[in-house]
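Read through the structure below, which is laid out as structure tokens, and then see the notes.
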Amino acid sequence: MFKPMNSTEILRFRIRRYKPGTIDPPRFQTFEVAVGRDRSESILDCLEQIRLKHDPTLMYRHSCHHSSCGTCACQINGSPRLACTTKLSQLPSNPVIIGPLEGFDCIADLVVNMDDFFKDIDTSWSYLQLDRSAETPPSLSGMRAWTRLENCIECGCCVSACPVLHKNSAFMGPAALAAVNRQYRKFPHQRKRLLAIAGGHRGVKGCQRALACSRLCPTQVYPARHIDELRRQLKKPSSA
């Protein structure tokens with residue numbers, strides 16, 4: 001959107017750049033971007049402006065622009081956040097410092113390899129849950145039930161925020177354990193198999209209750225709450 005010159009200011013962005021064999025070792029590069037004085041732009045808006053106006057080689061992921069896909073997660077002023085929903089008005093500092101998610105191997109610039117994120121999430125587990133809406137919209141009154149995707153958007157913010165994973169790579173991590181608990185809630189007959197995963201040497205015993213995963217989850221999945229539920233289930237006597 002066009003903004004009159006007197007309604008803009010120049011904001012600096014320090015972005016960690018890395019491209020194997022080209023920008024190697026990694027280093028920060030500073031860009032100056034004209035933003036509105038109300039700072040209503042998102043970090044993703046600014047990355048788009050940098051790529052279009054300053055450096056077309058800047059690499060980052062994005063898709064939905066409204067916190068549904070999770071692909072734009074990155075480190076923003078030291079915290080893992082979604083670039084699409086993080087507004088400049090939430091970030092008083094100048095410059096804004098942006099880097100790839102910590103705890104993941106960087107492929108290039110802000111793009112990380114997410115393979116490890118999915119290694120403990122079984123592809124057979126259900127991603128659907130019953131809708132909790134109190135009423136069914138009139139236009140769809142003939143439907144008996146709704147289903148929707150889980151709140152977890154697989155952005156990796158909880159994994160990046162987890163201090164245990166930075167020290168203990170064997171720990172399964174908050175996202176996978178939250179997925180285990182969601183599966184258990186929906187299919188309690190799978191108790192034995194799922195609690196064996198949660199109670200294993202890579203499971204809940206590795207969690208140190210830092211709660212960073214829940215504080216920084218952009219969609220309020222609260223992984224720490226799921227981990228506590230698994231702990232309580234593990235303390236119960238086994239059922240036949």
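Every chain in the structure tokens has a letter given in the order shown (A, B, ...), and although residue numbers restart at 1 in each chain, ligands are simply numbered from 1 in the order shown.
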What are the closest atom pairs, with distances in Å to one decimal, for each residue of stretch 54-171 of chain A lying within 9 Å of stretch 18-38 of chain A, using only C-alpha atoms, rows by chain and rising residue number, as JSON lines?
{"residue": "A:His54", "atom": "CA", "partner": "A:Phe31", "partner_atom": "CA", "distance": 7.7}
{"residue": "A:Leu88", "atom": "CA", "partner": "A:Asp38", "partner_atom": "CA", "distance": 8.6}
{"residue": "A:Ser89", "atom": "CA", "partner": "A:Asp38", "partner_atom": "CA", "distance": 7.0}
{"residue": "A:Pro95", "atom": "CA", "partner": "A:Thr30", "partner_atom": "CA", "distance": 8.5}
{"residue": "A:Ile97", "atom": "CA", "partner": "A:Phe28", "partner_atom": "CA", "distance": 8.9}
{"residue": "A:Gly99", "atom": "CA", "partner": "A:Phe28", "partner_atom": "CA", "distance": 8.8}
{"residue": "A:Cys106", "atom": "CA", "partner": "A:Tyr18", "partner_atom": "CA", "distance": 7.9}
{"residue": "A:Ile107", "atom": "CA", "partner": "A:Lys19", "partner_atom": "CA", "distance": 7.4}
{"residue": "A:Ala108", "atom": "CA", "partner": "A:Lys19", "partner_atom": "CA", "distance": 4.9}
{"residue": "A:Asp109", "atom": "CA", "partner": "A:Tyr18", "partner_atom": "CA", "distance": 4.6}
{"residue": "A:Leu110", "atom": "CA", "partner": "A:Tyr18", "partner_atom": "CA", "distance": 8.2}
Can those selected residues be exported to a file as an mmCIF file, in the first residue's frame so that it contains N, CA and C atoms?
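New file part28.cif:
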data_model
loop_
_atom_site.group_PDB
_atom_site.id
_atom_site.type_symbol
_atom_site.label_atom_id
_atom_site.label_comp_id
_atom_site.auth_asym_id
_atom_site.auth_seq_id
_atom_site.Cartn_x
_atom_site.Cartn_y
_atom_site.Cartn_z
ATOM 1 N N HIS A 54 15.513 -4.840 -2.781
ATOM 2 C CA HIS A 54 16.922 -4.766 -2.401
ATOM 3 C C HIS A 54 17.740 -5.977 -2.830
ATOM 4 N N LEU A 88 5.555 -5.079 13.348
ATOM 5 C CA LEU A 88 6.661 -4.209 13.770
ATOM 6 C C LEU A 88 6.320 -3.461 15.050
ATOM 7 N N SER A 89 5.037 -3.161 15.255
ATOM 8 C CA SER A 89 4.617 -2.440 16.452
ATOM 9 C C SER A 89 4.881 -3.240 17.725
ATOM 10 N N PRO A 95 17.952 -1.874 15.112
ATOM 11 C CA PRO A 95 17.361 -2.683 14.061
ATOM 12 C C PRO A 95 16.578 -3.896 14.578
ATOM 13 N N ILE A 97 16.357 -7.793 14.280
ATOM 14 C CA ILE A 97 17.336 -8.836 13.956
ATOM 15 C C ILE A 97 16.608 -10.133 13.636
ATOM 16 N N GLY A 99 16.879 -14.164 12.012
ATOM 17 C CA GLY A 99 17.727 -15.288 11.637
ATOM 18 C C GLY A 99 16.894 -16.546 11.489
ATOM 19 N N CYS A 106 20.496 -25.022 9.023
ATOM 20 C CA CYS A 106 20.144 -23.981 8.059
ATOM 21 C C CYS A 106 20.501 -24.445 6.651
ATOM 22 N N ILE A 107 19.541 -24.328 5.734
ATOM 23 C CA ILE A 107 19.765 -24.657 4.331
ATOM 24 C C ILE A 107 20.307 -23.439 3.599
ATOM 25 N N ALA A 108 19.636 -22.305 3.791
ATOM 26 C CA ALA A 108 20.072 -21.044 3.181
ATOM 27 C C ALA A 108 19.298 -19.898 3.815
ATOM 28 N N ASP A 109 19.994 -18.844 4.189
ATOM 29 C CA ASP A 109 19.386 -17.652 4.789
ATOM 30 C C ASP A 109 18.443 -18.036 5.932
ATOM 31 N N LEU A 110 17.122 -17.838 5.758
ATOM 32 C CA LEU A 110 16.158 -18.112 6.817
ATOM 33 C C LEU A 110 15.475 -19.462 6.656
#
Best match for closeness to A:Thr86 among A:Leu52, A:Thr123, A:Ser63, A:Ser42, counting only C-alpha atoms: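 Closest residue, counting only C-alpha atoms: A:Ser42.
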Can you pull out every residue from stretch 25-225 of chain A that DSSP, working from the backbone, puts in helix (DSSP H, G or I), and format the result as number ranges by chain? A: 43-53, 88-90, 115-118, 138-140, 157-161, 163-167, 174-186, 188-198, 204-206, 212-216, 223-225
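Shortest separation to A:Arg185 among A:Asn94, A:Gln233, A:Gln220, A:Ser169 occurs at residue A:Gln233, atoms counted being only C-alpha atoms.
Proximity ranking of A:Cys217, A:Leu47, A:Val111, A:Ala176 relative to A:Ala83 places A:Leu47 first, based on only C-alpha atoms.
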Long-range neighbours of A:Pro174 as a PyMOL selection string, 9 Å cut-off, only C-alpha atoms, 5 positions minimum in chain: chain A and resi 158-159+162+179+204+207+213-214+223-224+226-227
Can I get the selection written as a PDB file, in the first residue's frame, with N, CA and C atoms?
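Final output, out_39.pdb:
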ATOM      1  N   CYS A 158       8.051 -24.183  18.893  1.00  0.00           N
ATOM      2  CA  CYS A 158       8.202 -24.800  20.212  1.00  0.00           C
ATOM      3  C   CYS A 158       9.513 -25.569  20.309  1.00  0.00           C
ATOM      4  N   VAL A 159       9.885 -26.236  19.234  1.00  0.00           N
ATOM      5  CA  VAL A 159      11.138 -26.992  19.209  1.00  0.00           C
ATOM      6  C   VAL A 159      12.326 -26.040  19.311  1.00  0.00           C
ATOM      7  N   CYS A 162      12.733 -24.718  22.897  1.00  0.00           N
ATOM      8  CA  CYS A 162      12.986 -25.683  23.971  1.00  0.00           C
ATOM      9  C   CYS A 162      14.459 -25.701  24.371  1.00  0.00           C
ATOM     10  N   ALA A 179       1.837 -34.270  19.915  1.00  0.00           N
ATOM     11  CA  ALA A 179       1.161 -35.099  18.917  1.00  0.00           C
ATOM     12  C   ALA A 179       0.801 -36.466  19.497  1.00  0.00           C
ATOM     13  N   VAL A 204       8.875 -37.968  28.000  1.00  0.00           N
ATOM     14  CA  VAL A 204       8.556 -36.869  28.910  1.00  0.00           C
ATOM     15  C   VAL A 204       9.613 -36.659  29.993  1.00  0.00           C
ATOM     16  N   CYS A 207      11.794 -33.604  29.635  1.00  0.00           N
ATOM     17  CA  CYS A 207      11.257 -32.243  29.769  1.00  0.00           C
ATOM     18  C   CYS A 207      11.625 -31.663  31.126  1.00  0.00           C
ATOM     19  N   CYS A 213       8.024 -23.611  25.301  1.00  0.00           N
ATOM     20  CA  CYS A 213       7.262 -24.137  24.165  1.00  0.00           C
ATOM     21  C   CYS A 213       5.839 -23.601  24.166  1.00  0.00           C
ATOM     22  N   SER A 214       5.215 -23.549  25.351  1.00  0.00           N
ATOM     23  CA  SER A 214       3.842 -23.061  25.442  1.00  0.00           C
ATOM     24  C   SER A 214       3.758 -21.544  25.303  1.00  0.00           C
ATOM     25  N   PRO A 223       2.116 -27.072  24.276  1.00  0.00           N
ATOM     26  CA  PRO A 223       2.733 -28.402  24.353  1.00  0.00           C
ATOM     27  C   PRO A 223       3.059 -28.845  25.773  1.00  0.00           C
ATOM     28  N   ALA A 224       3.439 -27.930  26.652  1.00  0.00           N
ATOM     29  CA  ALA A 224       3.784 -28.309  28.025  1.00  0.00           C
ATOM     30  C   ALA A 224       2.589 -28.929  28.736  1.00  0.00           C
ATOM     31  N   HIS A 226       0.258 -30.718  27.269  1.00  0.00           N
ATOM     32  CA  HIS A 226       0.166 -32.081  26.740  1.00  0.00           C
ATOM     33  C   HIS A 226       1.178 -33.004  27.417  1.00  0.00           C
ATOM     34  N   ILE A 227       2.380 -32.489  27.639  1.00  0.00           N
ATOM     35  CA  ILE A 227       3.408 -33.294  28.284  1.00  0.00           C
ATOM     36  C   ILE A 227       3.012 -33.641  29.712  1.00  0.00           C
TER      37      ILE A 227
END
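Distance check against A:Glu48 using only C-alpha atoms: of A:Ala178, A:Cys72, A:Ala210, A:Ile10, the minimum falls on A:Cys72.
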Excluding stretch 155-157 of chain A and residues on its chain fewer than 3 positions from it, collect all residues at most 7 Å away from it, counting only C-alpha atoms, and give them as an mmCIF file with N, CA, C and O atoms, in the first residue's frame.
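File produced: part.cif:
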data_model
loop_
_atom_site.group_PDB
_atom_site.id
_atom_site.type_symbol
_atom_site.label_atom_id
_atom_site.label_comp_id
_atom_site.auth_asym_id
_atom_site.auth_seq_id
_atom_site.Cartn_x
_atom_site.Cartn_y
_atom_site.Cartn_z
ATOM 1 N N GLY A 70 2.567 -22.178 8.935
ATOM 2 C CA GLY A 70 3.736 -22.318 9.788
ATOM 3 C C GLY A 70 5.078 -22.198 9.098
ATOM 4 O O GLY A 70 6.120 -22.281 9.751
ATOM 5 N N THR A 71 5.089 -21.993 7.786
ATOM 6 C CA THR A 71 6.349 -22.060 7.052
ATOM 7 C C THR A 71 7.254 -20.853 7.269
ATOM 8 O O THR A 71 8.460 -20.941 7.035
ATOM 9 N N ALA A 73 8.121 -19.321 10.009
ATOM 10 C CA ALA A 73 8.727 -19.187 11.338
ATOM 11 C C ALA A 73 10.224 -18.919 11.234
ATOM 12 O O ALA A 73 10.930 -19.527 10.425
ATOM 13 N N PRO A 80 11.684 -17.351 18.609
ATOM 14 C CA PRO A 80 11.045 -17.965 17.447
ATOM 15 C C PRO A 80 9.610 -17.473 17.306
ATOM 16 O O PRO A 80 8.807 -17.582 18.240
ATOM 17 N N ARG A 81 9.304 -16.932 16.129
ATOM 18 C CA ARG A 81 7.973 -16.365 15.904
ATOM 19 C C ARG A 81 7.599 -16.544 14.439
ATOM 20 O O ARG A 81 8.458 -16.790 13.589
ATOM 21 N N SER A 160 12.256 -24.941 18.571
ATOM 22 C CA SER A 160 13.342 -23.969 18.604
ATOM 23 C C SER A 160 13.465 -23.317 19.971
ATOM 24 O O SER A 160 14.570 -22.978 20.411
ATOM 25 N N ALA A 161 12.335 -23.155 20.674
ATOM 26 C CA ALA A 161 12.341 -22.488 21.976
ATOM 27 C C ALA A 161 12.777 -23.400 23.101
ATOM 28 O O ALA A 161 13.170 -22.921 24.172
ATOM 29 N N LEU A 216 5.640 -19.605 23.553
ATOM 30 C CA LEU A 216 5.956 -19.110 22.219
ATOM 31 C C LEU A 216 5.175 -19.808 21.107
ATOM 32 O O LEU A 216 5.361 -19.485 19.936
ATOM 33 N N CYS A 217 4.286 -20.726 21.451
ATOM 34 C CA CYS A 217 3.457 -21.365 20.417
ATOM 35 C C CYS A 217 2.488 -20.338 19.847
ATOM 36 O O CYS A 217 1.698 -19.747 20.583
#
Filtered DSSP result for stretch 56-171 of chain A, state strand (DSSP E), as a ChimeraX atom specification: /A:73-76,79-82,96-99,106-108,111-112,128-130,147-149
Contacts of A:Asp120 within 10 Å, only C-alpha atoms, excl. fewer than 6 positions in-chain, as a ChimeraX atom specification: /A:172-173,175-177,179-180,197
Write the residues of the selection above to a file with N, CA and C atoms, as a tab-separated table (two decimals), in the first residue's frame.
chain	number	residue	atom	x	y	z
A	172	MET	N	12.77	-36.13	22.54
A	172	MET	CA	11.82	-36.12	21.42
A	172	MET	C	11.31	-34.72	21.11
A	173	GLY	N	11.11	-33.93	22.15
A	173	GLY	CA	10.71	-32.55	21.96
A	173	GLY	C	9.22	-32.32	22.13
A	175	ALA	N	6.80	-30.77	20.30
A	175	ALA	CA	5.83	-30.96	19.22
A	175	ALA	C	5.44	-32.42	19.08
A	176	ALA	N	6.43	-33.31	19.09
A	176	ALA	CA	6.15	-34.74	18.94
A	176	ALA	C	5.36	-35.28	20.13
A	177	LEU	N	5.70	-34.85	21.35
A	177	LEU	CA	4.99	-35.32	22.52
A	177	LEU	C	3.56	-34.79	22.55
A	179	ALA	N	1.84	-34.27	19.92
A	179	ALA	CA	1.16	-35.10	18.92
A	179	ALA	C	0.80	-36.47	19.50
A	180	VAL	N	1.70	-37.02	20.32
A	180	VAL	CA	1.41	-38.29	20.98
A	180	VAL	C	0.18	-38.16	21.86
A	197	ILE	N	5.83	-44.82	24.02
A	197	ILE	CA	6.60	-43.77	23.36
A	197	ILE	C	6.88	-42.63	24.34
Atomic separation - atom CA of A:Phe13 relative to atom CA of A:Leu101, Å: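 Separation of atom CA of A:Leu101 and atom CA of A:Phe13: 16.6 Å.
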What's the separation between atom CA of A:Phe171 and atom CA of A:Arg17, in Å to one decimal place?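 Those two atoms sit 28.9 Å apart.
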Taking only C-alpha atoms into account, name the residue in A:His65, A:His189, A:Lys87, A:Arg51 that is nearest to A:Arg39. A:Lys87
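Comparing A:Ser40, A:His166, A:Leu91, A:Glu102 by their smallest distance to A:Arg16, the closest is A:Glu102 (using only C-alpha atoms).
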